[in-house]
Amino acid sequence: MFSFLKKNKKEETIEEKEENKSFFSDALSKTFKNIKSVVPQKKEKISFEDIEELLIEADMDYSIIEKAMDGLPEMINRKQLRHRLVMLFEHAPDVDMENLPSPFVQLIIGVNGAGKTTTIAKLANMYKQENKSVILGAGDTFRAAAIEQLSIWADKIEVPIIKTKQGHDPSAVAYDTISSAVAKNLDYAIIDTAGRLQTQTNLSNELKKIVKVCNKAKDGSPHQKLMILDGTQGNTAIEQAKAFHEMVKIDGIIVTKLDGTAKGGALFSISNQLELPIFYVGVGETMNDLIEFSPDNFVDSLLDEIYLEEKSS
């Protein structure tokens with residue numbers, strides 16, 4: 001089975017890097033407000049105790065804080081802290097995403113309210129902007145509202161959608177979506193699934209069935225199983241994701257509603273504890289408010305708030 005874990009891109013230009021950092025700066029404004037309560041003025045070096053406190057304020061799990069800061073000196077400069085924070089994302093490997101199977105099938109997983117349907121629409125819109133063809137599958141047949149919502153997005157983005165009535169077999173929707181994508185030679189098939197809790201056994205079994213049926217429709221699919229996590233939940237989303245990962249082996253994470261939370265530090269915990277890459281973050285309500293996650297830019301935007309600009313040697 002394919003396991004595509006990171007989207008390779010050409011080397012970022014300075015302008016692209018600054019634009020990406022500005023997205024994070026805007027999205028993390030509530031997190032930065034908490035951090036500023038600990039370190040109100042930018043400094044060249046910050047005490048171990050203050051760094052520890054500001055990471056707690058940003059909702060980084062304490063076990064991760066201990067891991068990141070082990071062995072650091074009493075006064076910590078930007079370079080020392082940056083190295084440790086970026087390392088928390090190091091398990092996410094670089095994998096060639098240039099030669100994808102066609103269609104590339106993505107199965108979208110997450111609980112109700114996490115922003116799953118909106119994220120599917122943002123992904124579809126992003127692929128269309130890259131001149132790729134997309135089809136959606138309304139596999140959340142548990143709720144009529146979910147089918148209707150995804151249909152409205154499909155009309156707005158002008159992409160086809162496969163859907164059925166509430167209560168019908170979601171595996172059949174997944175099969176038909178992939179079959180249609182194959183027949184029409186489309187680039188992407190994005191399939192929604194019922195917003196479920198890990199405690200709902202019937203829906204858990206249904207999810208496992210969908211995965212198997214996808215593979216019957218096209219060998220090796222779904223090529224990517226993406227978990228949508230609500231950024232406003234911070235570290236509480238981690239246990240939820242662990243349960244789904246045990247169930248069907250998640251390939252990566254998309255964090256939504258990052259602009260609405262002061263818990264931006266939870267991204268370190270989410271990626272590190274789950275040992276999964278964060279692909280994208282949602283930073284607003286518009287169709288373009290989904291940005292590719294860059295550990296370097298994320299960490300730099302955070303450090304820009306507390307450290308003075310490094311003097312060139």
# chains A, B, ... in the order shown; residues from 1 in each chain; ligands from 1
call {"tool": "select_by_dssp", "arguments": {"residues": "segment 9-215 of chain A", "states": "helix (DSSP H, G or I)", "output": "PyMOL selection string"}}
result
chain A and resi 14-27+29-38+48-57+62-69+78-87+116-129+144-157+170-183+201-215
call {"tool": "residues_around", "arguments": {"residues": "segment 281-287 of chain A", "least_positions_apart": "3", "cutoff": "6 Å", "atoms": "only C-alpha atoms", "output": "mmCIF file with N, CA and C atoms, in the first residue's frame"}}
result
data_model
loop_
_atom_site.group_PDB
_atom_site.id
_atom_site.type_symbol
_atom_site.label_atom_id
_atom_site.label_comp_id
_atom_site.auth_asym_id
_atom_site.auth_seq_id
_atom_site.Cartn_x
_atom_site.Cartn_y
_atom_site.Cartn_z
ATOM 1 N N ALA A 27 -2.768 33.440 12.481
ATOM 2 C CA ALA A 27 -3.556 32.343 13.038
ATOM 3 C C ALA A 27 -3.272 32.103 14.513
ATOM 4 N N LYS A 122 -11.987 22.768 1.099
ATOM 5 C CA LYS A 122 -10.740 23.534 0.945
ATOM 6 C C LYS A 122 -9.694 22.722 0.178
ATOM 7 N N ILE A 254 -4.704 16.954 9.669
ATOM 8 C CA ILE A 254 -5.003 18.345 9.316
ATOM 9 C C ILE A 254 -5.627 18.981 10.554
ATOM 10 N N VAL A 255 -5.045 20.077 11.015
ATOM 11 C CA VAL A 255 -5.548 20.767 12.206
ATOM 12 C C VAL A 255 -6.377 21.971 11.761
ATOM 13 N N THR A 256 -7.628 22.035 12.222
ATOM 14 C CA THR A 256 -8.534 23.118 11.845
ATOM 15 C C THR A 256 -8.671 24.139 12.971
ATOM 16 N N LYS A 257 -9.254 25.283 12.632
ATOM 17 C CA LYS A 257 -9.634 26.325 13.600
ATOM 18 C C LYS A 257 -8.451 26.845 14.411
ATOM 19 N N LEU A 258 -7.270 26.835 13.801
ATOM 20 C CA LEU A 258 -6.079 27.293 14.514
ATOM 21 C C LEU A 258 -6.188 28.772 14.876
ATOM 22 N N ASP A 259 -6.957 29.511 14.078
ATOM 23 C CA ASP A 259 -7.120 30.941 14.335
ATOM 24 C C ASP A 259 -8.018 31.221 15.535
ATOM 25 N N LEU A 290 -6.443 27.400 4.012
ATOM 26 C CA LEU A 290 -5.822 26.114 4.341
ATOM 27 C C LEU A 290 -4.392 26.200 3.842
ATOM 28 N N ILE A 291 -3.420 26.117 4.754
ATOM 29 C CA ILE A 291 -2.030 26.281 4.338
ATOM 30 C C ILE A 291 -1.229 25.029 4.665
#
call {"tool": "select_by_dssp", "arguments": {"residues": "segment 100-287 of chain A", "states": "strand (DSSP E or B)", "output": "short mmCIF file (atom, residue, chain, number, x, y, z; two decimals) with N, CA, C and O atoms, in the first residue's frame"}}
result
data_model
loop_
_atom_site.label_atom_id
_atom_site.label_comp_id
_atom_site.auth_asym_id
_atom_site.auth_seq_id
_atom_site.Cartn_x
_atom_site.Cartn_y
_atom_site.Cartn_z
N PHE A 104 -5.81 9.67 -7.01
CA PHE A 104 -5.25 9.61 -5.67
C PHE A 104 -6.41 9.71 -4.69
O PHE A 104 -7.12 10.72 -4.66
N VAL A 105 -6.63 8.65 -3.93
CA VAL A 105 -7.83 8.54 -3.08
C VAL A 105 -7.50 8.94 -1.64
O VAL A 105 -6.62 8.36 -1.00
N GLN A 106 -8.23 9.95 -1.15
CA GLN A 106 -8.06 10.41 0.23
C GLN A 106 -9.34 10.12 1.01
O GLN A 106 -10.43 10.50 0.59
N LEU A 107 -9.18 9.47 2.16
CA LEU A 107 -10.30 9.18 3.05
C LEU A 107 -10.19 10.13 4.24
O LEU A 107 -9.16 10.18 4.91
N ILE A 108 -11.24 10.92 4.48
CA ILE A 108 -11.21 11.96 5.50
C ILE A 108 -11.97 11.49 6.73
O ILE A 108 -13.15 11.12 6.64
N ILE A 109 -11.29 11.52 7.87
CA ILE A 109 -11.81 10.96 9.11
C ILE A 109 -11.81 12.02 10.21
O ILE A 109 -10.90 12.85 10.26
N VAL A 134 -11.06 16.75 -9.64
CA VAL A 134 -11.45 16.23 -8.32
C VAL A 134 -12.88 15.73 -8.36
O VAL A 134 -13.74 16.30 -9.02
N ILE A 135 -13.14 14.67 -7.59
CA ILE A 135 -14.51 14.23 -7.32
C ILE A 135 -14.65 14.01 -5.82
O ILE A 135 -13.70 13.58 -5.15
N LEU A 136 -15.82 14.33 -5.28
CA LEU A 136 -16.10 14.15 -3.85
C LEU A 136 -17.05 12.97 -3.65
O LEU A 136 -17.90 12.70 -4.51
N GLY A 137 -16.90 12.30 -2.52
CA GLY A 137 -17.81 11.23 -2.14
C GLY A 137 -18.43 11.54 -0.80
O GLY A 137 -17.73 11.70 0.20
N ILE A 161 -19.92 15.16 -7.45
CA ILE A 161 -20.05 14.50 -6.16
C ILE A 161 -20.89 13.24 -6.32
O ILE A 161 -21.85 13.21 -7.09
N ILE A 162 -20.48 12.19 -5.62
CA ILE A 162 -21.27 10.96 -5.55
C ILE A 162 -21.95 10.93 -4.18
O ILE A 162 -21.29 11.09 -3.14
N TYR A 188 -7.98 13.29 -8.33
CA TYR A 188 -8.23 13.10 -6.90
C TYR A 188 -9.65 12.64 -6.64
O TYR A 188 -10.60 13.12 -7.27
N ALA A 189 -9.80 11.73 -5.67
CA ALA A 189 -11.11 11.36 -5.12
C ALA A 189 -11.03 11.57 -3.61
O ALA A 189 -10.21 10.95 -2.93
N ILE A 190 -11.87 12.47 -3.09
CA ILE A 190 -11.87 12.78 -1.66
C ILE A 190 -13.18 12.28 -1.07
O ILE A 190 -14.26 12.71 -1.48
N ILE A 191 -13.07 11.38 -0.10
CA ILE A 191 -14.26 10.71 0.43
C ILE A 191 -14.47 11.08 1.91
O ILE A 191 -13.59 10.88 2.75
N ASP A 192 -15.64 11.60 2.19
CA ASP A 192 -16.03 11.94 3.56
C ASP A 192 -16.46 10.66 4.28
O ASP A 192 -16.88 9.69 3.65
N GLN A 224 -4.37 7.74 1.16
CA GLN A 224 -4.12 8.62 2.30
C GLN A 224 -5.35 8.65 3.19
O GLN A 224 -6.46 8.91 2.72
N LYS A 225 -5.16 8.36 4.47
CA LYS A 225 -6.23 8.48 5.46
C LYS A 225 -5.87 9.66 6.35
O LYS A 225 -4.91 9.60 7.12
N LEU A 226 -6.64 10.73 6.22
CA LEU A 226 -6.33 11.98 6.91
C LEU A 226 -7.30 12.21 8.06
O LEU A 226 -8.52 12.14 7.88
N MET A 227 -6.75 12.51 9.22
CA MET A 227 -7.55 12.79 10.42
C MET A 227 -7.67 14.30 10.60
O MET A 227 -6.68 15.01 10.60
N ILE A 228 -8.91 14.77 10.74
CA ILE A 228 -9.17 16.19 10.98
C ILE A 228 -9.30 16.41 12.48
O ILE A 228 -10.16 15.81 13.13
N LEU A 229 -8.44 17.27 13.03
CA LEU A 229 -8.48 17.57 14.46
C LEU A 229 -8.82 19.03 14.68
O LEU A 229 -8.28 19.92 14.01
N ASP A 230 -9.69 19.28 15.64
CA ASP A 230 -10.11 20.62 16.00
C ASP A 230 -9.03 21.27 16.86
O ASP A 230 -8.77 20.84 17.99
N GLY A 252 -1.83 10.96 8.25
CA GLY A 252 -1.45 12.34 8.55
C GLY A 252 -2.60 13.11 9.14
O GLY A 252 -3.75 12.64 9.19
N ILE A 253 -2.30 14.33 9.60
CA ILE A 253 -3.24 15.15 10.34
C ILE A 253 -3.46 16.48 9.61
O ILE A 253 -2.54 17.05 9.04
N ILE A 254 -4.70 16.95 9.67
CA ILE A 254 -5.00 18.35 9.32
C ILE A 254 -5.63 18.98 10.55
O ILE A 254 -6.60 18.45 11.11
N VAL A 255 -5.05 20.08 11.02
CA VAL A 255 -5.55 20.77 12.21
C VAL A 255 -6.38 21.97 11.76
O VAL A 255 -5.89 22.81 11.00
N THR A 256 -7.63 22.04 12.22
CA THR A 256 -8.53 23.12 11.84
C THR A 256 -8.67 24.14 12.97
O THR A 256 -8.26 23.89 14.11
N ILE A 278 1.81 16.60 10.36
CA ILE A 278 0.70 17.52 10.13
C ILE A 278 0.86 18.03 8.70
O ILE A 278 1.88 18.62 8.36
N PHE A 279 -0.14 17.76 7.85
CA PHE A 279 -0.06 18.18 6.45
C PHE A 279 -0.46 19.63 6.26
O PHE A 279 0.23 20.40 5.60
N TYR A 280 -1.61 19.97 6.81
CA TYR A 280 -2.16 21.31 6.61
C TYR A 280 -2.76 21.82 7.91
O TYR A 280 -3.11 21.04 8.80
N VAL A 281 -2.92 23.15 7.98
CA VAL A 281 -3.66 23.76 9.08
C VAL A 281 -4.70 24.70 8.49
O VAL A 281 -4.45 25.41 7.51
N GLY A 282 -5.88 24.69 9.10
CA GLY A 282 -6.94 25.61 8.71
C GLY A 282 -6.84 26.86 9.56
O GLY A 282 -6.78 26.78 10.79
#
call {"tool": "closest_residue", "arguments": {"among": "A:Lys165, A:Asp50, A:Ile250, A:His223", "to": "Arg143 of chain A", "atoms": "only C-alpha atoms"}}
result
A:Lys165
call {"tool": "closest_residue", "arguments": {"among": "A:Leu276, A:Lys42, A:Asp61, A:Lys156", "to": "Thr236 of chain A", "atoms": "only C-alpha atoms"}}
result
A:Asp61
call {"tool": "residues_around", "arguments": {"residues": "Ala183 of chain A", "least_positions_apart": "4", "cutoff": "12 Å", "atoms": "only C-alpha atoms", "output": "list in words"}}
result
Ser102, Pro103, Ile135, Asp176, Thr177, Ile178, Ser179, Asp187, Ala189, Ala217 and Lys218 of chain A
call {"tool": "atom_distance", "arguments": {"atom1": "atom CA of Glu74 of chain A", "atom2": "atom CA of Leu55 of chain A"}}
result
15.7 Å
call {"tool": "closest_residue", "arguments": {"among": "A:Tyr62, A:Lys33, A:Val299, A:Gln273", "to": "Ala237 of chain A", "atoms": "only C-alpha atoms"}}
result
A:Gln273
call {"tool": "atom_distance", "arguments": {"atom1": "atom CA of Phe32 of chain A", "atom2": "atom CA of Leu72 of chain A"}}
result
22.7 Å
call {"tool": "closest_residue", "arguments": {"among": "A:Asp289, A:Asp169, A:Glu275, A:Asp300", "to": "Ala121 of chain A", "atoms": "only C-alpha atoms"}}
result
A:Asp289
call {"tool": "closest_residue", "arguments": {"among": "A:Glu292, A:Asp304, A:Glu53, A:Glu158", "to": "Met69 of chain A", "atoms": "only C-alpha atoms"}}
result
A:Glu53
